[in-house]
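The structure appears right after this line, and notes come after that.
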Amino acid sequence: AFRENCPGTGCPATLRTEVRGPDGQFRRYHFGALYEVNEGQLLTLEEGYLSGGTPVILRTTTTEYVDNGAIGTLPFPDTVGSDMQPLTDDMATSALRPVTRTSVAQQGRTFTWEANGFDTRARPQRVTRSSNVSGNPSRTETTTYHDNTAKWVLGQVAQVACVAPTTALPAGCGAAGTVMSETTYHATWALPLVKKRFGQTVETLGWNTTATVASGQRGTLHTVTDGRGYTLTLTDWHRGVPRHIKHPGTPEAPGGATQSAVVNDRGEITAVTD
């Protein structure tokens, strides 16, 4: 609908789609319907079940997006690319309008995610999570991204830090904030190498970056080492499945137990040998 052609309440601002599943599940989607305003944006999602054919809503999720009027004050561009069809709605095809707020209402409680800042690629850098449960808790986080433009890999999460409130852990983030998770990536291949949680290493990943492309092994996961230093080795990948796995040593098998699999060309495991 064209907003200028809809005086008063003459045209609906949303379109509604209902999905009724064979198992009694129910979903109702509300999409924006105003040309060059919100066309195609998912505004509300209602979820529940059917009782005698009547929907019973258990959860409602509402989503808000960057308003057109805010473009120009934010660090990212208005559009990404262009639509070759001159009469189509740019809002639905090329406009860059990231989510600014999401609220989930369920069983009398509301859980809210709100973006407080974006980077030049329209990704949220600072968000606040809150709810109306007892004490009205909230937490503000900052996110740092890793981009490898040489490999066309964007948006890998490098670090998530809790920065507010600054009260003591565990209720708050501490006076200096707390890094909750962080991941380092291979400088050339943009593959994750080390994953940490609250400063402790959770796993270290090793990748096969030297095999020939023709071998089918280039870029496959080779080792997974947990936080205690135990290493799992995976080799001979076929159709996305490792055909040989060596487990870390144990008192029963100091050299590490092994498993081998037969994988067909559909990626299905047809046999496993311990």
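Every chain in the structure tokens takes a letter, A first, then B, and so on in the order presented; its residues are numbered from 1, and the ligands are numbered from 1 following the presented order.
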**Within 12 Å of A:Leu42 using only C-alpha atoms, minus same-chain residues under 6 positions, as a ChimeraX atom specification** = /A:14-17,28-33,61-65,92,97-99,102
Would you save the residues of that selection, restricted to N, CA and C atoms, as a PDB file, in the first residue's frame?
ATOM      1  N   THR A  14      -0.424  -3.700   7.906  1.00  0.00           N
ATOM      2  CA  THR A  14       0.225  -4.995   7.970  1.00  0.00           C
ATOM      3  C   THR A  14      -0.547  -6.036   7.160  1.00  0.00           C
ATOM      4  N   LEU A  15       0.153  -7.104   6.816  1.00  0.00           N
ATOM      5  CA  LEU A  15      -0.453  -8.277   6.215  1.00  0.00           C
ATOM      6  C   LEU A  15      -0.259  -9.448   7.172  1.00  0.00           C
ATOM      7  N   ARG A  16      -1.229 -10.345   7.205  1.00  0.00           N
ATOM      8  CA  ARG A  16      -1.183 -11.436   8.173  1.00  0.00           C
ATOM      9  C   ARG A  16      -1.190 -12.791   7.470  1.00  0.00           C
ATOM     10  N   THR A  17      -0.320 -13.665   7.952  1.00  0.00           N
ATOM     11  CA  THR A  17      -0.259 -15.033   7.447  1.00  0.00           C
ATOM     12  C   THR A  17      -0.351 -15.998   8.626  1.00  0.00           C
ATOM     13  N   ARG A  28       1.125 -17.112  13.760  1.00  0.00           N
ATOM     14  CA  ARG A  28       0.534 -16.009  13.005  1.00  0.00           C
ATOM     15  C   ARG A  28       1.616 -14.947  12.794  1.00  0.00           C
ATOM     16  N   TYR A  29       1.924 -14.662  11.529  1.00  0.00           N
ATOM     17  CA  TYR A  29       2.960 -13.706  11.173  1.00  0.00           C
ATOM     18  C   TYR A  29       2.314 -12.401  10.716  1.00  0.00           C
ATOM     19  N   HIS A  30       2.819 -11.283  11.221  1.00  0.00           N
ATOM     20  CA  HIS A  30       2.350  -9.962  10.796  1.00  0.00           C
ATOM     21  C   HIS A  30       3.507  -9.255  10.091  1.00  0.00           C
ATOM     22  N   PHE A  31       3.326  -8.952   8.809  1.00  0.00           N
ATOM     23  CA  PHE A  31       4.356  -8.292   8.017  1.00  0.00           C
ATOM     24  C   PHE A  31       3.923  -6.860   7.687  1.00  0.00           C
ATOM     25  N   GLY A  32       4.913  -5.962   7.606  1.00  0.00           N
ATOM     26  CA  GLY A  32       4.629  -4.607   7.179  1.00  0.00           C
ATOM     27  C   GLY A  32       4.133  -4.576   5.748  1.00  0.00           C
ATOM     28  N   ALA A  33       3.221  -3.643   5.450  1.00  0.00           N
ATOM     29  CA  ALA A  33       2.609  -3.590   4.118  1.00  0.00           C
ATOM     30  C   ALA A  33       2.669  -2.210   3.486  1.00  0.00           C
ATOM     31  N   THR A  61       6.206 -12.320  19.827  1.00  0.00           N
ATOM     32  CA  THR A  61       7.489 -11.660  19.595  1.00  0.00           C
ATOM     33  C   THR A  61       7.266 -10.456  18.691  1.00  0.00           C
ATOM     34  N   THR A  62       7.676  -9.289  19.149  1.00  0.00           N
ATOM     35  CA  THR A  62       7.561  -8.066  18.343  1.00  0.00           C
ATOM     36  C   THR A  62       8.958  -7.574  17.990  1.00  0.00           C
ATOM     37  N   THR A  63       9.100  -7.078  16.769  1.00  0.00           N
ATOM     38  CA  THR A  63      10.401  -6.659  16.262  1.00  0.00           C
ATOM     39  C   THR A  63      10.313  -5.253  15.690  1.00  0.00           C
ATOM     40  N   GLU A  64      11.285  -4.419  16.042  1.00  0.00           N
ATOM     41  CA  GLU A  64      11.373  -3.066  15.517  1.00  0.00           C
ATOM     42  C   GLU A  64      12.667  -2.920  14.725  1.00  0.00           C
ATOM     43  N   TYR A  65      12.629  -2.036  13.738  1.00  0.00           N
ATOM     44  CA  TYR A  65      13.760  -1.849  12.842  1.00  0.00           C
ATOM     45  C   TYR A  65      14.183  -0.379  12.816  1.00  0.00           C
ATOM     46  N   ALA A  92      12.106  -3.337   0.557  1.00  0.00           N
ATOM     47  CA  ALA A  92      12.002  -4.791   0.631  1.00  0.00           C
ATOM     48  C   ALA A  92      13.156  -5.500  -0.064  1.00  0.00           C
ATOM     49  N   ARG A  97      18.093  -2.011   6.890  1.00  0.00           N
ATOM     50  CA  ARG A  97      17.328  -1.626   8.077  1.00  0.00           C
ATOM     51  C   ARG A  97      17.451  -2.725   9.130  1.00  0.00           C
ATOM     52  N   PRO A  98      18.527  -2.717   9.910  1.00  0.00           N
ATOM     53  CA  PRO A  98      18.711  -3.764  10.911  1.00  0.00           C
ATOM     54  C   PRO A  98      17.709  -3.664  12.053  1.00  0.00           C
ATOM     55  N   VAL A  99      17.578  -4.747  12.779  1.00  0.00           N
ATOM     56  CA  VAL A  99      16.677  -4.803  13.938  1.00  0.00           C
ATOM     57  C   VAL A  99      17.247  -3.938  15.057  1.00  0.00           C
ATOM     58  N   THR A 102      13.830  -6.258  19.966  1.00  0.00           N
ATOM     59  CA  THR A 102      12.989  -7.446  19.927  1.00  0.00           C
ATOM     60  C   THR A 102      12.463  -7.715  21.330  1.00  0.00           C
TER      61      THR A 102
END
**Asked** How would you write, as a PyMOL selection string, the set of residues in stretch 135-241 of chain A that DSSP gives as strand (DSSP E)?
**Response** chain A and resi 138-148+153-164+178-185+192-197+200-207+221-226+231-238+241
**Asked** Which residue gives the smallest distance to A:Ser134 among A:Asn116, A:Thr225, A:Asn208, A:Thr110, with only C-alpha atoms counted?
**Response**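 Nearest to A:Ser134: A:Thr110.
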What lies within 12 Å of A:Gln259 using only C-alpha atoms, ignoring chain neighbours under 4 positions off, as a PDB file with N, CA, C and O atoms, in the first residue's frame?
ATOM      1  N   LEU A 232      41.327 -34.633  20.161  1.00  0.00           N
ATOM      2  CA  LEU A 232      40.614 -35.535  19.266  1.00  0.00           C
ATOM      3  C   LEU A 232      41.109 -35.252  17.855  1.00  0.00           C
ATOM      4  O   LEU A 232      41.159 -34.096  17.429  1.00  0.00           O
ATOM      5  N   THR A 233      41.492 -36.302  17.105  1.00  0.00           N
ATOM      6  CA  THR A 233      42.024 -36.118  15.762  1.00  0.00           C
ATOM      7  C   THR A 233      41.055 -36.703  14.743  1.00  0.00           C
ATOM      8  O   THR A 233      40.598 -37.839  14.885  1.00  0.00           O
ATOM      9  N   LEU A 234      40.759 -35.916  13.713  1.00  0.00           N
ATOM     10  CA  LEU A 234      39.813 -36.335  12.678  1.00  0.00           C
ATOM     11  C   LEU A 234      40.508 -36.269  11.316  1.00  0.00           C
ATOM     12  O   LEU A 234      41.085 -35.241  10.958  1.00  0.00           O
ATOM     13  N   THR A 235      40.432 -37.357  10.560  1.00  0.00           N
ATOM     14  CA  THR A 235      41.102 -37.400   9.265  1.00  0.00           C
ATOM     15  C   THR A 235      40.227 -38.126   8.242  1.00  0.00           C
ATOM     16  O   THR A 235      39.189 -38.694   8.577  1.00  0.00           O
ATOM     17  N   ASP A 236      40.689 -38.092   7.001  1.00  0.00           N
ATOM     18  CA  ASP A 236      40.063 -38.807   5.886  1.00  0.00           C
ATOM     19  C   ASP A 236      38.586 -38.440   5.746  1.00  0.00           C
ATOM     20  O   ASP A 236      37.707 -39.301   5.748  1.00  0.00           O
ATOM     21  N   PRO A 242      34.166 -37.276   8.873  1.00  0.00           N
ATOM     22  CA  PRO A 242      35.496 -37.874   9.043  1.00  0.00           C
ATOM     23  C   PRO A 242      35.388 -39.398   9.079  1.00  0.00           C
ATOM     24  O   PRO A 242      34.597 -39.958   9.842  1.00  0.00           O
ATOM     25  N   ARG A 243      36.219 -40.076   8.278  1.00  0.00           N
ATOM     26  CA  ARG A 243      36.165 -41.538   8.245  1.00  0.00           C
ATOM     27  C   ARG A 243      37.131 -42.179   9.244  1.00  0.00           C
ATOM     28  O   ARG A 243      37.116 -43.398   9.425  1.00  0.00           O
ATOM     29  N   HIS A 244      37.929 -41.345   9.893  1.00  0.00           N
ATOM     30  CA  HIS A 244      38.834 -41.873  10.911  1.00  0.00           C
ATOM     31  C   HIS A 244      38.915 -40.884  12.066  1.00  0.00           C
ATOM     32  O   HIS A 244      39.179 -39.700  11.856  1.00  0.00           O
ATOM     33  N   ILE A 245      38.687 -41.391  13.281  1.00  0.00           N
ATOM     34  CA  ILE A 245      38.725 -40.553  14.490  1.00  0.00           C
ATOM     35  C   ILE A 245      39.622 -41.221  15.518  1.00  0.00           C
ATOM     36  O   ILE A 245      39.459 -42.409  15.826  1.00  0.00           O
ATOM     37  N   LYS A 246      40.553 -40.450  16.037  1.00  0.00           N
ATOM     38  CA  LYS A 246      41.402 -40.924  17.126  1.00  0.00           C
ATOM     39  C   LYS A 246      41.090 -40.119  18.377  1.00  0.00           C
ATOM     40  O   LYS A 246      41.203 -38.894  18.390  1.00  0.00           O
ATOM     41  N   HIS A 247      40.720 -40.847  19.435  1.00  0.00           N
ATOM     42  CA  HIS A 247      40.357 -40.210  20.695  1.00  0.00           C
ATOM     43  C   HIS A 247      41.591 -40.017  21.573  1.00  0.00           C
ATOM     44  O   HIS A 247      42.611 -40.700  21.392  1.00  0.00           O
ATOM     45  N   PRO A 248      41.533 -39.119  22.540  1.00  0.00           N
ATOM     46  CA  PRO A 248      42.662 -38.941  23.455  1.00  0.00           C
ATOM     47  C   PRO A 248      42.879 -40.198  24.292  1.00  0.00           C
ATOM     48  O   PRO A 248      41.966 -41.008  24.488  1.00  0.00           O
ATOM     49  N   ALA A 271      28.710 -47.951   8.048  1.00  0.00           N
ATOM     50  CA  ALA A 271      29.335 -48.882   8.992  1.00  0.00           C
ATOM     51  C   ALA A 271      30.325 -48.126   9.856  1.00  0.00           C
ATOM     52  O   ALA A 271      30.946 -47.149   9.417  1.00  0.00           O
ATOM     53  N   VAL A 272      30.485 -48.593  11.115  1.00  0.00           N
ATOM     54  CA  VAL A 272      31.430 -47.996  12.052  1.00  0.00           C
ATOM     55  C   VAL A 272      32.199 -49.113  12.733  1.00  0.00           C
ATOM     56  O   VAL A 272      31.616 -50.103  13.183  1.00  0.00           O
ATOM     57  N   THR A 273      33.522 -48.960  12.800  1.00  0.00           N
ATOM     58  CA  THR A 273      34.388 -49.937  13.482  1.00  0.00           C
ATOM     59  C   THR A 273      35.123 -49.247  14.602  1.00  0.00           C
ATOM     60  O   THR A 273      35.782 -48.222  14.398  1.00  0.00           O
ATOM     61  N   ASP A 274      35.022 -49.818  15.812  1.00  0.00           N
ATOM     62  CA  ASP A 274      35.737 -49.278  16.969  1.00  0.00           C
ATOM     63  C   ASP A 274      37.087 -49.980  17.125  1.00  0.00           C
ATOM     64  O   ASP A 274      37.190 -51.184  16.880  1.00  0.00           O
TER      65      ASP A 274
END
Show me a table, sorted first by chain and then by increasing residue number, of the residues of stretch 4-45 of chain A having an atom at most 12 Å from stretch 84-88 of chain A, each with its shortest atom pair and the distance in Å to one decimal, counting only C-alpha atoms and written as a Markdown table.
| residue | atom | partner | partner_atom | distance |
| --- | --- | --- | --- | --- |
| A:Tyr35 | CA | A:Thr88 | CA | 9.1 |
| A:Glu36 | CA | A:Thr88 | CA | 9.4 |
| A:Glu39 | CA | A:Thr88 | CA | 10.7 |
**Asked** Got a sec to tell me which of stretch 31-116 of chain A DSSP assigns to helix (DSSP H, G or I), as an MDAnalysis selection string?
**Response** chainID A and resid 68:70 90:93
I want to know what sits within 10 Å of A:Thr178, based on only C-alpha atoms, with residues of the same chain fewer than 4 positions away left out; could you give that as a tab-separated table (two decimals) with all heavy atoms, in the first residue's frame?
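Saved to around-v4.tsv:
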chain	number	residue	atom	x	y	z
A	141	GLU	N	25.94	-5.52	26.68
A	141	GLU	CA	27.07	-6.23	26.10
A	141	GLU	C	27.62	-5.46	24.91
A	141	GLU	O	26.88	-4.78	24.21
A	141	GLU	CB	26.64	-7.63	25.62
A	141	GLU	CG	25.99	-8.49	26.67
A	141	GLU	CD	25.38	-9.74	26.07
A	141	GLU	OE1	25.43	-9.89	24.82
A	141	GLU	OE2	24.84	-10.56	26.83
A	160	VAL	N	32.62	-11.02	22.93
A	160	VAL	CA	31.42	-10.48	23.55
A	160	VAL	C	31.77	-10.16	25.00
A	160	VAL	O	32.24	-11.04	25.73
A	160	VAL	CB	30.24	-11.46	23.50
A	160	VAL	CG1	29.02	-10.87	24.22
A	160	VAL	CG2	29.87	-11.80	22.06
A	161	ALA	N	31.58	-8.90	25.39
A	161	ALA	CA	31.94	-8.46	26.73
A	161	ALA	C	30.73	-7.87	27.44
A	161	ALA	O	29.91	-7.18	26.83
A	161	ALA	CB	33.07	-7.43	26.68
A	162	CYS	N	30.62	-8.17	28.72
A	162	CYS	CA	29.59	-7.57	29.57
A	162	CYS	C	30.15	-6.29	30.16
A	162	CYS	O	31.23	-6.30	30.78
A	162	CYS	CB	29.21	-8.56	30.67
A	162	CYS	SG	27.99	-7.96	31.84
A	163	VAL	N	29.47	-5.15	29.96
A	163	VAL	CA	30.00	-3.86	30.39
A	163	VAL	C	29.11	-3.15	31.41
A	163	VAL	O	29.54	-2.18	32.04
A	163	VAL	CB	30.25	-2.93	29.18
A	163	VAL	CG1	31.32	-3.51	28.28
A	163	VAL	CG2	28.96	-2.70	28.40
A	164	ALA	N	27.89	-3.59	31.59
A	164	ALA	CA	27.00	-2.96	32.56
A	164	ALA	C	25.93	-3.97	32.98
A	164	ALA	O	25.50	-4.80	32.17
A	164	ALA	CB	26.34	-1.71	31.98
A	166	THR	N	27.98	-2.33	36.45
A	166	THR	CA	29.36	-2.48	36.88
A	166	THR	C	29.47	-3.01	38.29
A	166	THR	O	30.54	-2.95	38.90
A	166	THR	CB	30.09	-1.12	36.79
A	166	THR	OG1	29.37	-0.14	37.55
A	166	THR	CG2	30.20	-0.68	35.35
A	169	LEU	N	30.62	-9.29	40.18
A	169	LEU	CA	30.18	-10.57	39.67
A	169	LEU	C	29.60	-11.41	40.81
A	169	LEU	O	30.00	-11.24	41.95
A	169	LEU	CB	31.36	-11.31	39.02
A	169	LEU	CG	32.00	-10.65	37.79
A	169	LEU	CD1	33.31	-11.37	37.46
A	169	LEU	CD2	31.06	-10.72	36.61
A	172	GLY	N	26.62	-8.59	38.46
A	172	GLY	CA	27.01	-7.56	37.51
A	172	GLY	C	28.17	-7.99	36.66
A	172	GLY	O	28.50	-9.17	36.58
A	173	CYS	N	28.80	-7.01	36.01
A	173	CYS	CA	29.90	-7.29	35.10
A	173	CYS	C	31.26	-6.97	35.69
A	173	CYS	O	32.28	-7.19	35.05
A	173	CYS	CB	29.73	-6.48	33.81
A	173	CYS	SG	28.17	-6.74	32.97
A	174	GLY	N	31.25	-6.43	36.94
A	174	GLY	CA	32.49	-5.98	37.52
A	174	GLY	C	32.83	-4.57	37.09
A	174	GLY	O	32.33	-4.08	36.06
A	198	PHE	N	34.96	-16.65	29.51
A	198	PHE	CA	35.39	-15.99	30.74
A	198	PHE	C	36.89	-16.21	30.99
A	198	PHE	O	37.33	-16.50	32.10
A	198	PHE	CB	34.57	-16.48	31.93
A	198	PHE	CG	33.12	-16.08	31.85
A	198	PHE	CD1	32.18	-16.95	31.34
A	198	PHE	CD2	32.71	-14.81	32.24
A	198	PHE	CE1	30.85	-16.59	31.22
A	198	PHE	CE2	31.37	-14.43	32.14
A	198	PHE	CZ	30.44	-15.32	31.63
A	199	GLY	N	37.66	-16.08	29.92
A	199	GLY	CA	39.11	-16.15	30.02
A	199	GLY	C	39.69	-17.54	29.99
A	199	GLY	O	40.91	-17.70	29.88
**Message:** Taking 4 positions as the minimum chain separation for residues in the same chain, which residues sit within 12 Å of A:Val19 when counting only C-alpha atoms? Answer as an MDAnalysis selection string.
**Reply:** chainID A and resid 23:30 45:50 55
For N, CA, C and O atoms, I'd like the residues from the last selection saved as an mmCIF file, in the first residue's frame.
data_model
loop_
_atom_site.group_PDB
_atom_site.id
_atom_site.type_symbol
_atom_site.label_atom_id
_atom_site.label_comp_id
_atom_site.auth_asym_id
_atom_site.auth_seq_id
_atom_site.Cartn_x
_atom_site.Cartn_y
_atom_site.Cartn_z
ATOM 1 N N ASP A 23 0.041 -30.986 13.765
ATOM 2 C CA ASP A 23 0.162 -31.403 15.159
ATOM 3 C C ASP A 23 -0.507 -30.424 16.111
ATOM 4 O O ASP A 23 -0.344 -30.523 17.334
ATOM 5 N N GLY A 24 -1.252 -29.462 15.555
ATOM 6 C CA GLY A 24 -1.963 -28.502 16.397
ATOM 7 C C GLY A 24 -1.191 -27.235 16.699
ATOM 8 O O GLY A 24 -1.709 -26.340 17.377
ATOM 9 N N GLN A 25 0.021 -27.119 16.184
ATOM 10 C CA GLN A 25 0.784 -25.889 16.393
ATOM 11 C C GLN A 25 0.174 -24.750 15.582
ATOM 12 O O GLN A 25 -0.407 -24.966 14.516
ATOM 13 N N PHE A 26 0.344 -23.533 16.093
ATOM 14 C CA PHE A 26 -0.221 -22.361 15.429
ATOM 15 C C PHE A 26 0.790 -21.230 15.435
ATOM 16 O O PHE A 26 1.438 -20.962 16.454
ATOM 17 N N ARG A 27 0.932 -20.583 14.277
ATOM 18 C CA ARG A 27 1.779 -19.394 14.165
ATOM 19 C C ARG A 27 1.058 -18.361 13.315
ATOM 20 O O ARG A 27 0.477 -18.692 12.288
ATOM 21 N N ARG A 28 1.125 -17.112 13.760
ATOM 22 C CA ARG A 28 0.534 -16.009 13.005
ATOM 23 C C ARG A 28 1.616 -14.947 12.794
ATOM 24 O O ARG A 28 2.168 -14.400 13.748
ATOM 25 N N TYR A 29 1.924 -14.662 11.529
ATOM 26 C CA TYR A 29 2.960 -13.706 11.173
ATOM 27 C C TYR A 29 2.314 -12.401 10.716
ATOM 28 O O TYR A 29 1.396 -12.420 9.899
ATOM 29 N N HIS A 30 2.819 -11.283 11.221
ATOM 30 C CA HIS A 30 2.350 -9.962 10.796
ATOM 31 C C HIS A 30 3.507 -9.255 10.091
ATOM 32 O O HIS A 30 4.552 -8.989 10.694
ATOM 33 N N LEU A 45 5.209 -11.887 15.622
ATOM 34 C CA LEU A 45 5.017 -13.325 15.475
ATOM 35 C C LEU A 45 4.295 -13.836 16.713
ATOM 36 O O LEU A 45 4.786 -13.668 17.835
ATOM 37 N N GLU A 46 3.123 -14.444 16.499
ATOM 38 C CA GLU A 46 2.358 -15.035 17.588
ATOM 39 C C GLU A 46 2.445 -16.558 17.466
ATOM 40 O O GLU A 46 2.233 -17.111 16.382
ATOM 41 N N GLU A 47 2.753 -17.222 18.572
ATOM 42 C CA GLU A 47 2.927 -18.672 18.565
ATOM 43 C C GLU A 47 2.078 -19.314 19.649
ATOM 44 O O GLU A 47 1.929 -18.759 20.750
ATOM 45 N N GLY A 48 1.519 -20.466 19.337
ATOM 46 C CA GLY A 48 0.705 -21.167 20.318
ATOM 47 C C GLY A 48 0.208 -22.484 19.768
ATOM 48 O O GLY A 48 0.897 -23.162 19.017
ATOM 49 N N TYR A 49 -1.046 -22.812 20.118
ATOM 50 C CA TYR A 49 -1.617 -24.077 19.663
ATOM 51 C C TYR A 49 -3.091 -23.876 19.368
ATOM 52 O O TYR A 49 -3.690 -22.826 19.706
ATOM 53 N N LEU A 50 -3.683 -24.870 18.735
ATOM 54 C CA LEU A 50 -5.097 -24.815 18.386
ATOM 55 C C LEU A 50 -5.912 -25.616 19.386
ATOM 56 O O LEU A 50 -5.574 -26.755 19.717
ATOM 57 N N PRO A 55 -7.153 -20.489 17.931
ATOM 58 C CA PRO A 55 -5.772 -20.293 18.367
ATOM 59 C C PRO A 55 -5.683 -19.864 19.829
ATOM 60 O O PRO A 55 -6.445 -19.003 20.281
#
**Request:** For atom CA of A:Val263 and atom CA of A:Thr231, determine how far apart the two atoms are, in Å to one decimal place.
**Result:**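 Value for the atom CA of A:Val263-atom CA of A:Thr231 distance: 23.3 Å.
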Would you kindly return, as an mmCIF file with all heavy atoms, in the first residue's frame, each protein, DNA or RNA residue with an atom no farther than 10 Å from any atom of A:Gly155, considering only C-alpha atoms and excluding same-chain residues fewer than 3 positions away?
data_model
loop_
_atom_site.group_PDB
_atom_site.id
_atom_site.type_symbol
_atom_site.label_atom_id
_atom_site.label_comp_id
_atom_site.auth_asym_id
_atom_site.auth_seq_id
_atom_site.Cartn_x
_atom_site.Cartn_y
_atom_site.Cartn_z
ATOM 1 N N ARG A 121 28.823 -1.720 9.054
ATOM 2 C CA ARG A 121 28.157 -2.792 8.310
ATOM 3 C C ARG A 121 26.800 -3.145 8.922
ATOM 4 O O ARG A 121 26.277 -4.232 8.700
ATOM 5 C CB ARG A 121 29.073 -4.015 8.226
ATOM 6 C CG ARG A 121 30.313 -3.773 7.359
ATOM 7 C CD ARG A 121 31.068 -5.070 7.090
ATOM 8 N NE ARG A 121 32.083 -4.874 6.056
ATOM 9 C CZ ARG A 121 33.370 -4.662 6.297
ATOM 10 N NH1 ARG A 121 33.805 -4.641 7.546
ATOM 11 N NH2 ARG A 121 34.232 -4.497 5.300
ATOM 12 N N ARG A 123 25.894 -3.861 11.911
ATOM 13 C CA ARG A 123 25.863 -4.916 12.913
ATOM 14 C C ARG A 123 25.807 -4.290 14.300
ATOM 15 O O ARG A 123 26.474 -3.283 14.556
ATOM 16 C CB ARG A 123 27.100 -5.809 12.780
ATOM 17 C CG ARG A 123 27.221 -6.448 11.419
ATOM 18 C CD ARG A 123 28.525 -7.169 11.226
ATOM 19 N NE ARG A 123 29.690 -6.291 11.347
ATOM 20 C CZ ARG A 123 30.878 -6.561 10.819
ATOM 21 N NH1 ARG A 123 31.051 -7.673 10.120
ATOM 22 N NH2 ARG A 123 31.893 -5.739 10.981
ATOM 23 N N THR A 144 32.553 -7.417 19.369
ATOM 24 C CA THR A 144 33.607 -7.097 18.415
ATOM 25 C C THR A 144 33.599 -8.172 17.331
ATOM 26 O O THR A 144 33.509 -9.372 17.638
ATOM 27 C CB THR A 144 34.980 -7.061 19.096
ATOM 28 O OG1 THR A 144 34.950 -6.128 20.182
ATOM 29 C CG2 THR A 144 36.069 -6.658 18.109
ATOM 30 N N TYR A 145 33.688 -7.744 16.075
ATOM 31 C CA TYR A 145 33.599 -8.677 14.952
ATOM 32 C C TYR A 145 34.954 -8.844 14.269
ATOM 33 O O TYR A 145 35.803 -7.954 14.309
ATOM 34 C CB TYR A 145 32.568 -8.194 13.929
ATOM 35 C CG TYR A 145 31.179 -8.052 14.494
ATOM 36 C CD1 TYR A 145 30.739 -6.839 15.008
ATOM 37 C CD2 TYR A 145 30.311 -9.139 14.524
ATOM 38 C CE1 TYR A 145 29.465 -6.712 15.531
ATOM 39 C CE2 TYR A 145 29.033 -9.017 15.051
ATOM 40 C CZ TYR A 145 28.615 -7.793 15.558
ATOM 41 O OH TYR A 145 27.352 -7.670 16.088
ATOM 42 N N HIS A 146 35.103 -9.994 13.640
ATOM 43 C CA HIS A 146 36.294 -10.261 12.840
ATOM 44 C C HIS A 146 35.878 -10.350 11.378
ATOM 45 O O HIS A 146 34.979 -11.113 11.027
ATOM 46 C CB HIS A 146 36.940 -11.582 13.272
ATOM 47 C CG HIS A 146 38.078 -12.008 12.392
ATOM 48 N ND1 HIS A 146 37.921 -12.902 11.347
ATOM 49 C CD2 HIS A 146 39.395 -11.659 12.387
ATOM 50 C CE1 HIS A 146 39.083 -13.090 10.748
ATOM 51 N NE2 HIS A 146 39.988 -12.359 11.355
ATOM 52 N N ASP A 147 36.518 -9.557 10.531
ATOM 53 C CA ASP A 147 36.225 -9.547 9.099
ATOM 54 C C ASP A 147 37.496 -9.891 8.332
ATOM 55 O O ASP A 147 38.559 -9.327 8.601
ATOM 56 C CB ASP A 147 35.725 -8.176 8.644
ATOM 57 C CG ASP A 147 34.412 -7.785 9.309
ATOM 58 O OD1 ASP A 147 33.576 -8.679 9.530
ATOM 59 O OD2 ASP A 147 34.238 -6.589 9.621
ATOM 60 N N ASN A 148 37.364 -10.793 7.381
ATOM 61 C CA ASN A 148 38.474 -11.112 6.491
ATOM 62 C C ASN A 148 37.999 -10.784 5.081
ATOM 63 O O ASN A 148 37.406 -11.616 4.402
ATOM 64 C CB ASN A 148 38.861 -12.586 6.616
ATOM 65 C CG ASN A 148 40.112 -12.939 5.823
ATOM 66 O OD1 ASN A 148 40.327 -12.428 4.736
ATOM 67 N ND2 ASN A 148 40.933 -13.814 6.375
ATOM 68 N N ALA A 158 34.223 -12.050 17.321
ATOM 69 C CA ALA A 158 35.538 -12.194 17.933
ATOM 70 C C ALA A 158 35.470 -12.083 19.449
ATOM 71 O O ALA A 158 36.222 -12.765 20.155
ATOM 72 C CB ALA A 158 36.493 -11.131 17.380
#
